[in-house]
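Trainee: I am attaching a structure below and will ask some questions about it afterwards.
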Amino acid sequence: MSRAKTNPREALEDLKKYPAFQVLRAKAEQHELQFRPTESQALKKAGTFDEVIDSRTESAWNSLVDCRARGMNQHEAEEVALENILLPSEQEEEQARQDQQEQMVEE
C-alpha cells in the first residue's frame with residue numbers, strides 16, 4: 001500500500017526569514033493590535049503576544065501552502081488562509097455572543 005506523500009512543514013525560524021512570511025506576520029500583528037486591543041494587552045501582559053502572532057501566522061502560511069498544493073489560485077488560497085490571522089474584532093465577537101444568547105432565550 002502506498003502512503004500519501006506529505007509535504008514536511010518548514011520550521012518557524014526558517015519561515016521568519018522569508019519576506020512574504022514577514023509581510024503576513026506584520027498583517028497579523030497590525031490586525032490584532034487594531035481590532036483586538038483587549039486581547040493584545042492581555043497577551044502582552046502574559047508575555048505571549050509574539051508567540052501567538054507567530055503561531056497564527058504559521059497556521060496561515062501552512063494553509064496557503066496546502067491550498068495552493070490542492071490547486072487553488074492565490075486569491076482563493078488567501079481567502080482561506082487569512083481567517084487564521086484576521087480574526088473577528090472584539091466588538092464582532094461580543095455581538096455574536098449577544099445574538100446567540102438572544103436566540104437561546106427565544107427558543
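Following the order of the C-alpha cells, chains are lettered A, B, ..., residues in each are numbered from 1, and ligands are numbered from 1.
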From a backbone DSSP assignment, name each residue in region 19-86 of chain A labelled alpha helix (DSSP H), as a VMD selection string.
Mentor: chain A and resid 19 to 35 37 to 46 49 to 69 74 to 81
Trainee: Report as a PyMOL selection string all protein, DNA and RNA residues lying within 8 Å of Glu90 (chain A), evaluated on only C-alpha atoms, omitting residues in the same chain fewer than 2 positions from it.
Mentor: chain A and resi 35-38+88+92-94
Trainee: Choose the residue, out of A:Ala42, A:Trp61, A:Glu29, A:Gln34, that has the smallest atom-to-atom separation from Glu10 (chain A); count only C-alpha atoms.
Mentor: A:Trp61
Trainee: Can you pull out the residues contacting Arg9 (chain A)? Cut-off 12 Å, using only C-alpha atoms, and skip same-chain residues under 6 positions away; I want them as a list of chain:residue names.
Mentor: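 Returned residues: A:Leu15, A:Glu58, A:Ser59, A:Trp61, A:Asn62, A:Ser63, A:Val65, A:Asp66.
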Trainee: Go through A:Ala96, A:Met72, A:Ala81, A:Leu87 and flag the residue nearest Leu24 (chain A), using only C-alpha atoms for the distances.
Mentor: A:Ala81
Trainee: One decimal, Å: what's the distance from CA of Leu86 (chain A) over to CA of Thr48 (chain A), could you say?
Mentor: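 Pair CA of Leu86 (chain A) / CA of Thr48 (chain A) returns 18.0 Å.
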Trainee: How far is it from CA of Lys16 (chain A) to CA of Glu78 (chain A), in Å with one decimal?
Mentor: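 Going from CA of Lys16 (chain A) over to CA of Glu78 (chain A) covers 18.5 Å.
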Trainee: In Å, rounded to a single decimal, give me how far CA of Val52 (chain A) is from CA of Gly71 (chain A).
Mentor: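 If I compute the distance from CA of Gly71 (chain A) to CA of Val52 (chain A), I get 28.9 Å.
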